Amino acid sequence: MDLLNQELVAGYSVLEVGGVVIGLIILISVFKALFKKAPERKGVISASCACGWRGQVGAYNRRCPRCNAALKPQ
Ligand SMILES: [Zn+2]
């Protein structure tokens with residue numbers, strides 16, 4: 001009886017540990033993907049202008065702050 005219970009407990013813990021490890025790996029990969037995409041999600045892009053200006057502008061407002069020309073994202 002004791003041996004059977006031990007096997008059952010051991011099998012259960014292996015399943016639980018495996019599930020936790022897989023869950024953690026999925027969570028970490030999801031968080032990594034979220035943090036990598038965070039700058040783009042904020043709507044900020046790096047750009048440079050023909051007038052020599054270089055910096056970050058809003059993705060939906062691609063205008064040079066110096067000469068007000070349309071910017072191309074880099
Ligand atoms: Zn400019």
# chains A, B, ... in the order shown; residues from 1 in each chain; ligands from 1
$ residues_near_ligand --ligand "ligand 1" --cutoff "10 Å" --atoms "only C-alpha atoms and all ligand atoms" --output "list of chain:residue names"
A:Ser48, A:Cys49, A:Ala50, A:Cys51, A:Gly52, A:Trp53, A:Arg54, A:Arg63, A:Cys64, A:Pro65, A:Arg66, A:Cys67, A:Asn68, A:Ala69, A:Ala70, A:Leu71
$ atom_distance --atom1 "CA of Gly43 (chain A)" --atom2 "CA of Gly58 (chain A)"
5.5 Å
$ closest_residue --among "A:Ile26, A:Lys72, A:Tyr60, A:Val17" --to "Ser46 (chain A)" --atoms "only C-alpha atoms"
A:Lys72
